[in-house]
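Contents: one structure, followed by commentary.
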Amino acid sequence: MGCEEEVLKIKKKLDKMTASEGDQTQALDILRVLQGLPINFQVLSKTRIGMTVNALRKASTDEEVISTAKQLIKNWKKFVPDKKDDDEKDGKEEKKKEKEDKKESKNNSNSSNSSNNSSSSSSSGSSKPASFPTAAPPTTDSLRLKCREMIANALKLAEMPDGVVDTPESLAEKAEEAIFQEFRNTDAAYKNRLRSRVYNLKDSKNPQLRENVLRGVISPQRLATMSSEEMASAEMKALREKFTKEAIDDHQLAVAQGTKTDLLKCGKCGQRNCTYNQMQTRSSDEPMTTFVLCNHCGNRWKFC
């Protein structure tokens, strides 16, 4: 078994321990197993085990567990590339890219339109799509971290589809960040928005939503603002349309010119001031359906 697969298995166990009232009796043993694994920067980036160990450190009351978790995080920080070196490297690459862009622009200067298109193309090519920023800003807020974990777990609920554009943890961070930026706090509106995302992503009758997020069809920022109707499955949308149509039909039949009668009694107000219409809604050999409107309270009902 590869190191990455082993770390992912350990990560799942630690996630359960950091959950509400999770059993942490084996936490120390698992952390010691992590100490003996040949973890490198690539494994850390793909599994995000560092975030899980840090969450365990915060959730634990065992001093030895806390100390071991701190030591692990300290050791792993040595694998993270120095930001200054990265900036210098990015600067050199950016200058090189600028030279190439100028040369390409010069070669394609036959027309002003083609020149403008080339400049626009090179400008867009030097950055990633706007819908997928490099990474969401980190946070130390325990509630926000928990919300990010909930979204990530919902995205990992079933087998990963083909064409996944990013890790579930990274997508979850971006979605949570977009929600937080909208409300600027973690009040009830923020929590309700998070819960609706998690509920719909976990819906076994609507796997398409989860797959679309993982494949990049729906960006994390778009997921953060979608309404319940937009997130619903095709089956649910069709059902809602059917109910809406039936309600409209019932209303139109009830308010249309009908036959007044005092033989029917309203079950809501008890009055016998009603108007009814009859319509063949089933096969011709079945009896007609009667739609009734109470002229006193407006109550509508139907019976066969």
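Just remember, in the structure tokens the first chain shown is A, the second B, etc., residues are 1-based per chain, and ligands are 1-based in the order shown.
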
Apply DSSP to the backbone of this structure and, from segment 166-296 of chain A, keep only the residues in alpha helix (DSSP H); write these as a PyMOL selection string.
-> chain A and resi 168-183+188-202+207-215+220-225+228-231+234-255

Near Thr52 of chain A, within 8 Å and counting only C-alpha atoms, which residues show up once chain neighbours fewer than 4 positions away are dropped, as a PyMOL selection string?
-> chain A and resi 11+14-15+48+56

Which residues come within 10 Å of Ser227 of chain A, counting only C-alpha atoms, excluding same-chain residues fewer than 6 positions away, as a ChimeraX atom specification?
-> /A:193,196-197

Can you tell me, as JSON, numbers by chain, what residues are no more than 9 Å from Ser142 of chain A when counting only C-alpha atoms, ignoring any on the same chain fewer than 4 positions away?
-> {"A": [55, 58, 146, 147]}

Go ahead and save the picked residues with C-alpha atoms, as a tab-separated table (two decimals), in the first residue's frame.
chain	number	residue	atom	x	y	z
A	55	ALA	CA	-8.01	19.91	14.16
A	58	LYS	CA	-7.47	21.59	19.06
A	146	LYS	CA	-15.85	22.56	10.89
A	147	CYS	CA	-18.12	23.87	8.12

Using only C-alpha atoms, determine which residues lie at most 6 Å from segment 174-190 of chain A, disregarding the query and same-chain residues fewer than 3 positions distant; provide the list as a PyMOL selection string.
-> chain A and resi 136+148+171+193+220-221+224

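Nearest to Met288 of chain A of all the residues A:Ala234, A:Cys274, A:Phe303, A:Glu211 is A:Phe303, based on only C-alpha atoms.
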
Which residue out of A:Val213, A:Ala135, A:Val65, A:Leu293 has the minimum interatomic distance to Thr25 of chain A when only C-alpha atoms are used?
->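 Checking each candidate against Thr25 of chain A, we get A:Val65 as the closest.
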
Of the residues A:Asp29, A:Val165, A:Cys266, A:Asp62, which is the one nearest to Ile218 of chain A, using only C-alpha atoms?
->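 Looking only at the distances to Ile218 of chain A, the closest residue turns out to be A:Val165.
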
Non-local contacts of Glu63 of chain A (12 Å; only C-alpha atoms; under 6 positions in same chain excluded) as a ChimeraX atom specification | /A:27-28,56-57,69-70

Kindly save the residues from that selection, with all heavy atoms included, as a PDB file, in the first residue's frame.
ATOM      1  N   ALA A  27      -6.004   7.912  19.438  1.00  0.00           N
ATOM      2  CA  ALA A  27      -5.408   9.048  18.725  1.00  0.00           C
ATOM      3  C   ALA A  27      -3.889   9.039  18.798  1.00  0.00           C
ATOM      4  O   ALA A  27      -3.201   9.249  17.802  1.00  0.00           O
ATOM      5  CB  ALA A  27      -5.960  10.363  19.293  1.00  0.00           C
ATOM      6  N   LEU A  28      -3.337   8.768  19.996  1.00  0.00           N
ATOM      7  CA  LEU A  28      -1.880   8.808  20.168  1.00  0.00           C
ATOM      8  C   LEU A  28      -1.199   7.733  19.322  1.00  0.00           C
ATOM      9  O   LEU A  28      -0.158   7.982  18.686  1.00  0.00           O
ATOM     10  CB  LEU A  28      -1.528   8.636  21.648  1.00  0.00           C
ATOM     11  CG  LEU A  28      -0.036   8.780  22.000  1.00  0.00           C
ATOM     12  CD1 LEU A  28       0.489  10.148  21.573  1.00  0.00           C
ATOM     13  CD2 LEU A  28       0.176   8.560  23.493  1.00  0.00           C
ATOM     14  N   LEU A  56      -7.366  17.821  15.279  1.00  0.00           N
ATOM     15  CA  LEU A  56      -7.305  16.886  16.409  1.00  0.00           C
ATOM     16  C   LEU A  56      -6.607  17.543  17.599  1.00  0.00           C
ATOM     17  O   LEU A  56      -7.029  17.380  18.746  1.00  0.00           O
ATOM     18  CB  LEU A  56      -6.572  15.619  15.986  1.00  0.00           C
ATOM     19  CG  LEU A  56      -6.311  14.588  17.098  1.00  0.00           C
ATOM     20  CD1 LEU A  56      -7.616  14.018  17.616  1.00  0.00           C
ATOM     21  CD2 LEU A  56      -5.414  13.473  16.598  1.00  0.00           C
ATOM     22  N   ARG A  57      -5.539  18.273  17.325  1.00  0.00           N
ATOM     23  CA  ARG A  57      -4.811  18.967  18.405  1.00  0.00           C
ATOM     24  C   ARG A  57      -5.733  19.923  19.159  1.00  0.00           C
ATOM     25  O   ARG A  57      -5.707  20.007  20.395  1.00  0.00           O
ATOM     26  CB  ARG A  57      -3.637  19.746  17.809  1.00  0.00           C
ATOM     27  CG  ARG A  57      -2.851  20.563  18.836  1.00  0.00           C
ATOM     28  CD  ARG A  57      -1.789  21.413  18.165  1.00  0.00           C
ATOM     29  NE  ARG A  57      -2.362  22.421  17.309  1.00  0.00           N
ATOM     30  CZ  ARG A  57      -2.849  23.584  17.747  1.00  0.00           C
ATOM     31  NH1 ARG A  57      -2.847  23.850  19.034  1.00  0.00           N
ATOM     32  NH2 ARG A  57      -3.332  24.461  16.893  1.00  0.00           N
ATOM     33  N   ALA A  69       0.960  15.932  18.177  1.00  0.00           N
ATOM     34  CA  ALA A  69       0.391  16.596  17.005  1.00  0.00           C
ATOM     35  C   ALA A  69       1.188  17.839  16.641  1.00  0.00           C
ATOM     36  O   ALA A  69       1.469  18.101  15.466  1.00  0.00           O
ATOM     37  CB  ALA A  69      -1.068  16.962  17.264  1.00  0.00           C
ATOM     38  N   LYS A  70       1.586  18.611  17.659  1.00  0.00           N
ATOM     39  CA  LYS A  70       2.389  19.811  17.417  1.00  0.00           C
ATOM     40  C   LYS A  70       3.722  19.456  16.762  1.00  0.00           C
ATOM     41  O   LYS A  70       4.184  20.143  15.851  1.00  0.00           O
ATOM     42  CB  LYS A  70       2.629  20.558  18.733  1.00  0.00           C
ATOM     43  CG  LYS A  70       1.424  21.326  19.245  1.00  0.00           C
ATOM     44  CD  LYS A  70       1.781  22.067  20.522  1.00  0.00           C
ATOM     45  CE  LYS A  70       0.611  22.892  21.046  1.00  0.00           C
ATOM     46  NZ  LYS A  70       0.961  23.590  22.305  1.00  0.00           N
TER      47      LYS A  70
END

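Between Tyr276 of chain A and the residues A:Ser228, A:Gly258, A:Leu264, A:Lys242, the shortest atom-to-atom distance, using only C-alpha atoms, involves A:Gly258.
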